[in-house]
file model-v1.txt (compact mmCIF, C-alpha atoms)
# COMPACT_ATOMS: atom_id res chain seq x y z
CA MET R 13 -14.47 -24.62 0.13
CA LYS R 14 -10.94 -25.76 0.95
CA LYS R 15 -9.88 -25.14 -2.63
CA MET R 16 -11.36 -21.65 -2.55
CA ILE R 17 -9.49 -20.78 0.64
CA THR R 18 -6.21 -22.15 -0.74
CA LEU R 19 -6.68 -20.19 -3.97
CA PHE R 20 -7.48 -17.02 -2.05
CA ALA R 21 -4.41 -17.48 0.15
CA LEU R 22 -2.24 -18.02 -2.92
CA LEU R 23 -3.61 -14.89 -4.55
CA LEU R 24 -2.86 -12.92 -1.39
CA ILE R 25 0.70 -14.22 -1.29
CA VAL R 26 1.29 -13.36 -4.95
CA ALA R 27 -0.20 -9.89 -4.53
CA ALA R 28 1.83 -9.23 -1.40
CA SER R 29 5.07 -10.34 -3.03
CA GLN R 30 4.53 -8.07 -6.04
CA ALA R 31 3.20 -4.92 -4.43
CA GLN R 32 4.95 -2.50 -2.15
CA THR R 33 8.45 -3.66 -2.80
CA LEU R 34 9.78 -0.18 -1.99
CA GLN R 35 7.81 -0.30 1.26
CA SER R 36 9.29 -3.70 2.09
CA PHE R 37 12.76 -2.38 1.29
CA PHE R 38 12.29 0.46 3.79
CA ASP R 39 10.69 -1.92 6.30
CA LYS R 40 13.66 -4.25 6.01
CA TYR R 41 16.25 -1.63 6.88
CA ASN R 42 14.50 1.02 8.94
CA ASN R 43 15.28 -0.70 12.23
CA ASP R 44 18.72 -1.89 11.19
CA GLU R 45 21.40 -0.35 13.40
CA ARG R 46 23.71 0.18 10.44
CA PHE R 47 21.19 2.53 8.84
CA GLU R 48 19.78 5.91 9.77
CA TYR R 49 16.08 6.29 9.17
CA VAL R 50 13.87 9.34 9.31
CA SER R 51 10.15 9.54 8.68
CA VAL R 52 8.23 12.78 8.28
CA GLY R 53 4.45 12.84 8.08
CA LYS R 54 2.14 15.43 6.64
CA GLY R 55 1.89 17.27 9.95
CA MET R 56 5.51 18.39 9.92
CA MET R 57 5.83 19.54 6.34
CA ASN R 58 7.34 22.96 6.99
CA ILE R 59 10.67 22.18 5.45
CA GLY R 60 9.81 23.69 2.10
CA HIS R 61 12.72 26.10 2.04
CA ALA R 62 15.06 23.12 1.81
CA PHE R 63 13.93 22.67 -1.77
CA GLY R 64 14.88 26.24 -2.75
CA GLY R 65 12.51 28.54 -4.64
CA ASN R 66 9.92 30.99 -3.37
CA LYS R 67 7.70 30.58 -0.33
CA LYS R 68 4.44 30.38 -2.25
CA ASP R 69 5.65 27.57 -4.47
CA ASN R 70 7.07 25.70 -1.50
CA SER R 71 3.94 25.86 0.63
CA GLU R 72 1.89 24.73 -2.37
CA MET R 73 4.24 21.83 -2.92
CA MET R 74 4.27 20.90 0.78
CA SER R 75 0.49 20.73 0.85
CA LYS R 76 0.65 18.08 -1.85
CA MET R 77 3.16 15.87 -0.07
CA LYS R 78 2.00 13.08 2.20
CA SER R 79 5.23 11.77 3.63
CA ILE R 80 8.99 11.80 3.36
CA LYS R 81 11.10 8.82 4.37
CA ILE R 82 14.87 8.89 4.41
CA LEU R 83 17.15 5.90 4.72
CA THR R 84 20.90 6.48 4.98
CA LEU R 85 23.73 4.00 5.01
CA ASN R 86 27.22 5.09 5.99
CA ALA R 87 29.58 2.48 4.63
CA GLU R 88 32.38 2.15 2.11
CA ALA R 89 31.26 1.78 -1.49
CA SER R 90 33.25 -1.44 -1.73
CA SER R 91 31.69 -3.03 1.36
CA ALA R 92 29.49 -6.09 0.91
CA LEU R 93 26.56 -4.40 2.65
CA MET R 94 26.68 -1.35 0.36
CA LYS R 95 26.91 -3.54 -2.72
CA SER R 96 23.97 -5.70 -1.66
CA VAL R 97 21.82 -2.68 -0.73
CA VAL R 98 22.54 -0.92 -4.03
CA SER R 99 21.76 -4.03 -6.07
CA GLU R 100 18.58 -4.63 -4.06
CA LEU R 101 17.48 -1.06 -4.69
CA ASP R 102 18.18 -1.39 -8.40
CA GLN R 103 15.79 -4.34 -8.48
CA VAL R 104 13.15 -2.42 -6.53
CA VAL R 105 13.39 0.47 -9.01
CA GLU R 106 13.23 -1.88 -11.97
CA LYS R 107 10.30 -3.93 -10.68
CA GLY R 108 8.49 -0.92 -9.25
CA ASN R 109 7.89 0.66 -12.66
CA PHE R 110 9.90 3.74 -11.79
CA GLU R 111 11.00 6.10 -14.50
CA THR R 112 14.20 8.06 -14.37
CA ALA R 113 13.63 11.79 -14.09
CA VAL R 114 17.15 13.04 -13.46
CA GLU R 115 20.67 11.73 -13.22
CA ALA R 116 23.22 14.25 -12.00
CA ARG R 117 26.84 13.89 -11.01
CA ASP R 118 29.16 16.35 -9.37
CA LYS R 119 32.61 15.73 -7.84
CA GLY R 120 31.98 12.12 -6.94
CA GLU R 121 28.43 12.81 -5.76
CA ARG R 122 25.60 11.33 -7.73
CA VAL R 123 21.89 12.01 -7.61
CA HIS R 124 19.29 9.85 -9.31
CA ILE R 125 15.68 10.90 -9.21
CA TYR R 126 12.99 8.38 -10.10
CA TYR R 127 9.24 8.73 -10.13
CA ARG R 128 6.14 6.67 -10.68
CA PHE R 129 2.40 7.15 -10.52
CA THR R 130 0.36 4.81 -8.37
CA GLY R 131 -3.12 6.15 -9.00
CA LYS R 132 -4.84 9.34 -10.02
CA ASP R 133 -2.04 11.86 -9.41
CA ASN R 134 -0.67 9.72 -6.59
CA ALA R 135 3.03 9.77 -7.11
CA ASP R 136 6.17 8.34 -5.57
CA MET R 137 9.42 10.21 -5.98
CA LEU R 138 12.60 8.39 -5.12
CA ILE R 139 15.84 10.33 -4.75
CA VAL R 140 19.01 8.31 -4.48
CA THR R 141 22.23 10.07 -3.53
CA LYS R 142 25.54 8.28 -3.64
CA GLU R 143 28.77 9.77 -2.41
CA LYS R 144 31.95 8.54 -0.81
CA GLY R 145 30.94 6.45 2.20
CA GLU R 146 27.28 7.47 2.15
CA PHE R 147 24.21 6.23 0.40
CA SER R 148 20.88 7.96 0.95
CA LEU R 149 17.42 7.19 -0.20
CA ILE R 150 14.67 9.79 0.00
CA TRP R 151 11.15 8.59 -0.70
CA ILE R 152 8.56 11.30 -1.15
CA THR R 153 4.91 10.40 -1.61
CA GLY R 154 2.17 12.81 -2.53
CA LYS R 155 -0.53 13.91 -4.88
CA MET R 156 1.61 15.39 -7.61
CA THR R 157 1.56 15.51 -11.36
CA LYS R 158 4.71 14.89 -13.36
CA ASP R 159 5.23 18.63 -13.90
CA GLU R 160 4.82 19.41 -10.21
CA MET R 161 7.27 16.70 -9.37
CA MET R 162 9.83 18.05 -11.79
CA HIS R 163 9.50 21.49 -10.22
CA THR R 164 10.04 20.11 -6.73
CA PHE R 165 13.53 21.46 -6.56
CA SER R 166 12.45 24.84 -7.84
CA LYS R 167 14.87 26.56 -10.25
CA ASN R 168 16.85 23.37 -10.64
CA GLY R 169 13.65 21.52 -11.36
CA LYS R 170 12.78 23.81 -14.25
CA GLU R 171 16.09 23.13 -15.87
CA MET R 172 15.74 19.43 -15.14
CA ASN R 173 12.45 19.48 -16.91
CA GLN R 174 14.06 20.84 -20.02
CA MET R 175 17.06 18.61 -19.91
CA GLY R 176 15.70 15.38 -18.46
CA ARG R 177 19.17 14.09 -17.94
CA VAL R 178 22.23 16.04 -16.89
CA GLU R 179 25.75 14.94 -16.34
CA LYS R 180 28.68 17.11 -15.63
CA LEU R 181 31.16 16.24 -18.31
CA GLU R 182 34.28 17.13 -16.41
CA ASP R 183 33.57 14.36 -13.90
CA THR R 184 32.71 11.56 -16.29
CA VAL R 185 36.25 10.26 -16.10
CA SER R 186 36.14 9.87 -12.29
CA MET M 30 -68.70 -44.50 22.09
CA GLU M 31 -70.10 -41.79 19.92
CA LEU M 32 -67.44 -39.47 21.19
CA MET M 33 -64.77 -41.95 20.13
CA ASN M 34 -66.36 -42.28 16.70
CA GLU M 35 -66.28 -38.50 16.32
CA LEU M 36 -62.70 -38.30 17.52
CA LEU M 37 -61.61 -41.03 15.14
CA GLU M 38 -63.27 -39.29 12.20
CA LYS M 39 -61.60 -36.04 13.17
CA TYR M 40 -58.30 -37.89 13.61
CA PHE M 41 -58.36 -39.32 10.10
CA ARG M 42 -59.32 -35.92 8.71
CA GLY M 43 -56.29 -34.56 10.55
CA GLU M 44 -58.34 -32.13 12.59
CA THR M 45 -57.76 -33.44 16.10
CA THR M 46 -56.05 -31.39 18.76
CA LEU M 47 -53.19 -32.78 20.85
CA THR M 48 -55.54 -33.32 23.80
CA GLU M 49 -57.98 -35.25 21.59
CA GLU M 50 -55.17 -37.40 20.23
CA ARG M 51 -54.03 -38.11 23.77
CA GLU M 52 -57.61 -39.08 24.60
CA LEU M 53 -57.69 -41.52 21.66
CA LYS M 54 -54.36 -43.09 22.59
CA ARG M 55 -55.50 -43.51 26.19
CA TYR M 56 -58.69 -45.21 24.91
CA PHE M 57 -56.81 -47.75 22.82
CA ILE M 58 -54.12 -48.42 25.43
CA THR M 59 -56.48 -49.12 28.34
CA GLY M 60 -57.80 -52.20 26.55
CA ASN M 61 -61.52 -51.36 26.92
CA VAL M 62 -62.02 -50.96 23.17
CA ALA M 63 -65.32 -51.41 21.34
CA PRO M 64 -65.28 -54.27 18.80
CA GLU M 65 -65.87 -51.91 15.85
CA HIS M 66 -62.79 -49.98 16.92
CA GLU M 67 -60.54 -53.08 17.17
CA ILE M 68 -59.21 -52.51 13.65
CA TYR M 69 -57.60 -49.22 14.79
CA ARG M 70 -56.02 -50.70 17.93
CA ALA M 71 -52.88 -51.85 16.06
CA LEU M 72 -52.31 -48.30 14.78
CA PHE M 73 -52.46 -46.69 18.20
CA GLU M 74 -50.44 -49.48 19.83
CA GLU M 75 -47.78 -48.79 17.21
CA PHE M 76 -47.57 -45.23 18.47
CA LYS M 77 -47.07 -46.55 21.99
CA GLN M 78 -44.28 -48.84 20.78
CA GLU M 79 -42.55 -46.03 18.88
CA LYS M 80 -42.53 -43.97 22.01
CA THR M 81 -40.43 -46.58 23.80
CA GLU M 82 -38.04 -47.19 20.88
CA THR M 83 -34.53 -45.75 20.86
CA ALA M 84 -32.87 -44.37 17.73
CA ASN M 85 -30.94 -46.93 15.67
CA ALA M 86 -27.28 -46.66 14.67
CA PRO M 87 -27.39 -44.67 11.37
CA LEU M 88 -29.57 -41.99 12.96
CA LYS M 89 -27.08 -41.65 15.77
CA LYS M 90 -24.35 -41.17 13.22
CA VAL M 91 -26.05 -38.46 11.21
CA ILE M 92 -27.23 -36.24 14.02
CA PRO M 93 -23.88 -35.72 15.78
CA GLU M 94 -22.18 -34.94 12.42
CA GLN M 95 -24.67 -32.22 11.58
CA ARG M 96 -24.23 -30.79 15.02
CA LYS M 97 -20.47 -30.92 14.67
CA ILE M 98 -20.51 -28.89 11.42
CA LYS M 99 -22.82 -26.33 12.99
CA ARG M 100 -20.58 -26.22 16.03
CA ILE M 101 -17.43 -25.63 13.93
CA TRP M 102 -19.09 -22.74 12.08
CA PHE M 103 -20.34 -21.30 15.30
CA GLN M 104 -16.90 -21.61 16.89
CA THR M 105 -15.20 -20.02 13.86
CA PHE M 106 -17.67 -17.15 13.92
CA ALA M 107 -17.26 -16.71 17.66
CA TYR M 108 -13.44 -16.74 17.50
CA THR M 109 -13.44 -14.27 14.60
CA ALA M 110 -15.78 -11.98 16.48
CA VAL M 111 -13.61 -12.15 19.60
CA ALA M 112 -10.43 -11.49 17.60
CA ALA M 113 -12.03 -8.55 15.78
CA SER M 114 -13.26 -7.08 19.06
CA LEU M 115 -9.80 -7.43 20.63
CA PHE M 116 -8.19 -5.81 17.59
CA LEU M 117 -10.64 -2.91 17.74
CA LEU M 118 -10.07 -2.53 21.44
CA VAL M 119 -6.29 -2.38 21.00
CA TRP M 120 -6.71 0.01 18.04
CA ILE M 121 -8.85 2.38 20.10
CA GLN M 122 -6.89 2.06 23.34
CA PHE M 123 -3.44 2.72 21.93
CA PRO M 124 -3.00 5.95 20.01
CA GLN M 125 -1.26 5.73 16.65
CA ALA M 126 2.48 6.26 16.85
CA THR M 127 3.67 9.58 15.49
CA GLU M 128 4.79 9.59 11.90
CA ASP M 129 7.68 11.94 12.61
CA PHE M 130 10.62 10.12 14.07
CA ALA M 131 14.19 9.09 13.40
CA VAL M 132 15.98 5.83 14.07
CA ILE M 133 19.69 6.42 14.59
CA ASP M 134 21.96 3.59 15.77
CA GLY M 135 18.85 1.52 16.43
CA LYS M 136 17.40 4.14 18.82
CA ARG M 137 14.09 5.81 18.10
CA ILE M 138 14.21 9.61 18.38
CA GLU M 139 10.94 11.52 18.40
CA ASN M 140 12.48 14.97 18.72
CA GLN M 141 10.70 16.85 15.94
CA GLU M 142 13.39 19.51 15.65
CA TYR M 143 16.02 16.86 15.08
CA VAL M 144 13.85 15.09 12.50
CA GLN M 145 13.19 18.38 10.71
CA ARG M 146 16.87 19.37 10.63
CA TYR M 147 17.92 15.97 9.41
CA THR M 148 15.38 16.08 6.59
CA GLU M 149 16.35 19.64 5.66
CA LYS M 150 20.01 18.68 5.56
CA LYS M 151 19.35 15.79 3.21
CA LEU M 152 17.09 17.77 0.89
CA ASN M 153 19.54 20.67 0.84
CA LYS M 154 22.27 18.30 -0.17
CA VAL M 155 20.23 17.04 -3.12
CA SER M 156 19.35 20.60 -4.08
CA ASN M 157 23.01 21.64 -3.94
CA ILE M 158 24.22 18.72 -6.03
CA LEU M 159 21.56 19.50 -8.62
CA ALA M 160 22.44 23.18 -8.58
CA ARG M 161 26.13 22.42 -9.11
CA SER M 162 25.33 19.95 -11.87
CA MET M 163 23.26 22.58 -13.63
CA GLU M 164 26.08 25.13 -13.53
CA PRO M 165 27.51 24.21 -16.97
CA MET M 166 23.99 24.60 -18.36
CA ARG M 167 23.81 28.11 -17.00
CA SER M 168 27.24 28.94 -18.44
CA PHE M 169 26.08 27.60 -21.76
CA LYS M 170 22.99 29.82 -21.64
CA LYS M 171 25.16 32.83 -20.75
CA VAL M 172 27.50 32.15 -23.66
CA ARG M 173 24.51 31.97 -25.99
CA GLN M 174 23.21 35.28 -24.65
CA ASP M 175 26.65 36.87 -25.09
CA MET M 176 26.84 35.52 -28.62
CA GLU M 177 23.60 37.19 -29.68
CA PRO M 178 25.30 40.48 -30.86
CA LEU M 179 27.56 38.34 -33.05
CA GLN M 180 24.48 36.84 -34.64
CA ASN M 181 23.44 40.41 -35.59
CA VAL M 182 26.86 41.01 -37.18
CA ARG M 183 26.40 37.84 -39.21
CA ASP M 184 22.97 39.03 -40.37
CA ILE M 185 24.37 42.44 -41.38
CA LYS M 186 27.19 40.71 -43.27
CA ALA M 187 24.71 38.54 -45.15
CA LYS M 188 22.61 41.57 -46.08
CA MET M 189 25.73 43.44 -47.31
CA ASN M 190 26.70 40.45 -49.44
CA ALA M 191 23.23 40.39 -50.98
CA ILE M 192 23.43 44.11 -51.83
CA GLN M 193 26.95 43.62 -53.25
CA SER M 194 25.80 40.80 -55.54
CA LYS M 195 22.83 42.89 -56.74
CA LEU M 196 25.18 45.79 -57.57
CA ASN M 197 27.51 43.46 -59.41
CA ASN M 198 24.64 42.12 -61.50
CA LYS M 199 23.69 45.62 -62.55
call {"tool": "encode", "arguments": {"input": "model-v1.txt", "output": "structure tokens"}}
result
Amino acid sequence: MKKMITLFALLLIVAASQAQTLQSFFDKYNNDERFEYVSVGKGMMNIGHAFGGNKKDNSEMMSKMKSIKILTLNAEASSALMKSVVSELDQVVEKGNFETAVEARDKGERVHIYYRFTGKDNADMLIVTKEKGEFSLIWITGKMTKDEMMHTFSKNGKEMNQMGRVEKLEDTVS
Amino acid sequence: MELMNELLEKYFRGETTLTEERELKRYFITGNVAPEHEIYRALFEEFKQEKTETANAPLKKVIPEQRKIKRIWFQTFAYTAVAASLFLLVWIQFPQATEDFAVIDGKRIENQEYVQRYTEKKLNKVSNILARSMEPMRSFKKVRQDMEPLQNVRDIKAKMNAIQSKLNNK
């Protein structure tokens, strides 16, 4: 009996350490004074116009979203905190089986969009924006297919879908 | 005497009631036992002796252990039940915290308008960066569209060359 309990406890520990690493990342920093954190539940999803595109598409997209969580850090890119957060996030993305959907760069601003599927059409979309002195992480969860996810940002999304990866050449030197 | 004979027969057949057994025991204990029943006296006196005996050491050991195990299980079950009830009570009593909130400088803000604006601002920023990044793509598309008439000129030129070579062959 003792062995069974120990084995069960071990299994729980292993499962807990592997799963929900993105959740634990958000949990770690959401009450940290150096970060700004915003959580939006399904009830307040009337922010569709922020994505661009027509009203019909937006309301359809909003109905599929379950939550949006935003974590923002205002700190210099060279600061130890920023470096550690960025490297921690890279690990979360790598271990969390995320796939890169888009990488865009414009005048020192970078956007990385990652996605993964966690069940039947259950998807996580992770948007990382990096700019001078600010690092933001937007985590959108919902019941979306890959196509729907790619069209999230409307017109831009359609082009993203075709391109997959976009970089503005004139800024590659910076 | 006959009654005792009957009772004894019933006793050995295992058909006696508790009252009849008590009657038999009383008969053998009182000492006024018929000679033909003397052979059974030892058996019934044994019962009397057993009644006065106390449990020996190993028995004492086993019984408390069994009780202890039962007690531990009962206690575990009781504590789990109490904990589950308390958890349910707390769950029902306290409404779930709203999902829409912001934490800025360590302070929780539940102003929905603020939360909405903040989210909009962030999403707009992403949308704008993407739109700007896509600009060269749009220019590229436009150039391709503008180049389409030139493609027609190239086709016409190719056709003219074909006609020219045919004429030359003739």
call {"tool": "residues_around", "arguments": {"input": "model-v1.txt", "residues": "Thr33 of chain R", "least_positions_apart": "5", "cutoff": "10 Å", "atoms": "all atoms listed in the file", "output": "JSON, numbers by chain"}}
result
{"R": [28, 38, 39, 101, 103, 104, 105, 107, 108]}
call {"tool": "residues_around", "arguments": {"input": "model-v1.txt", "residues": "Phe41 of chain M", "least_positions_apart": "5", "cutoff": "12 Å", "atoms": "all atoms listed in the file", "output": "ChimeraX atom specification"}}
result
/M:34-36,46,50,53,69,72
call {"tool": "closest_residue", "arguments": {"input": "model-v1.txt", "among": "R:Glu143, R:Glu121, R:Glu111, R:Glu45", "to": "Arg161 of chain M", "atoms": "only C-alpha atoms"}}
result
R:Glu121
call {"tool": "closest_residue", "arguments": {"input": "model-v1.txt", "among": "M:Leu152, M:Met30, M:Ile98, M:Ala187", "to": "chain R", "atoms": "only C-alpha atoms"}}
result
M:Leu152
call {"tool": "atom_distance", "arguments": {"input": "model-v1.txt", "atom1": "atom CA of Lys76 of chain R", "atom2": "atom CA of Ile158 of chain M"}}
result
23.9 Å
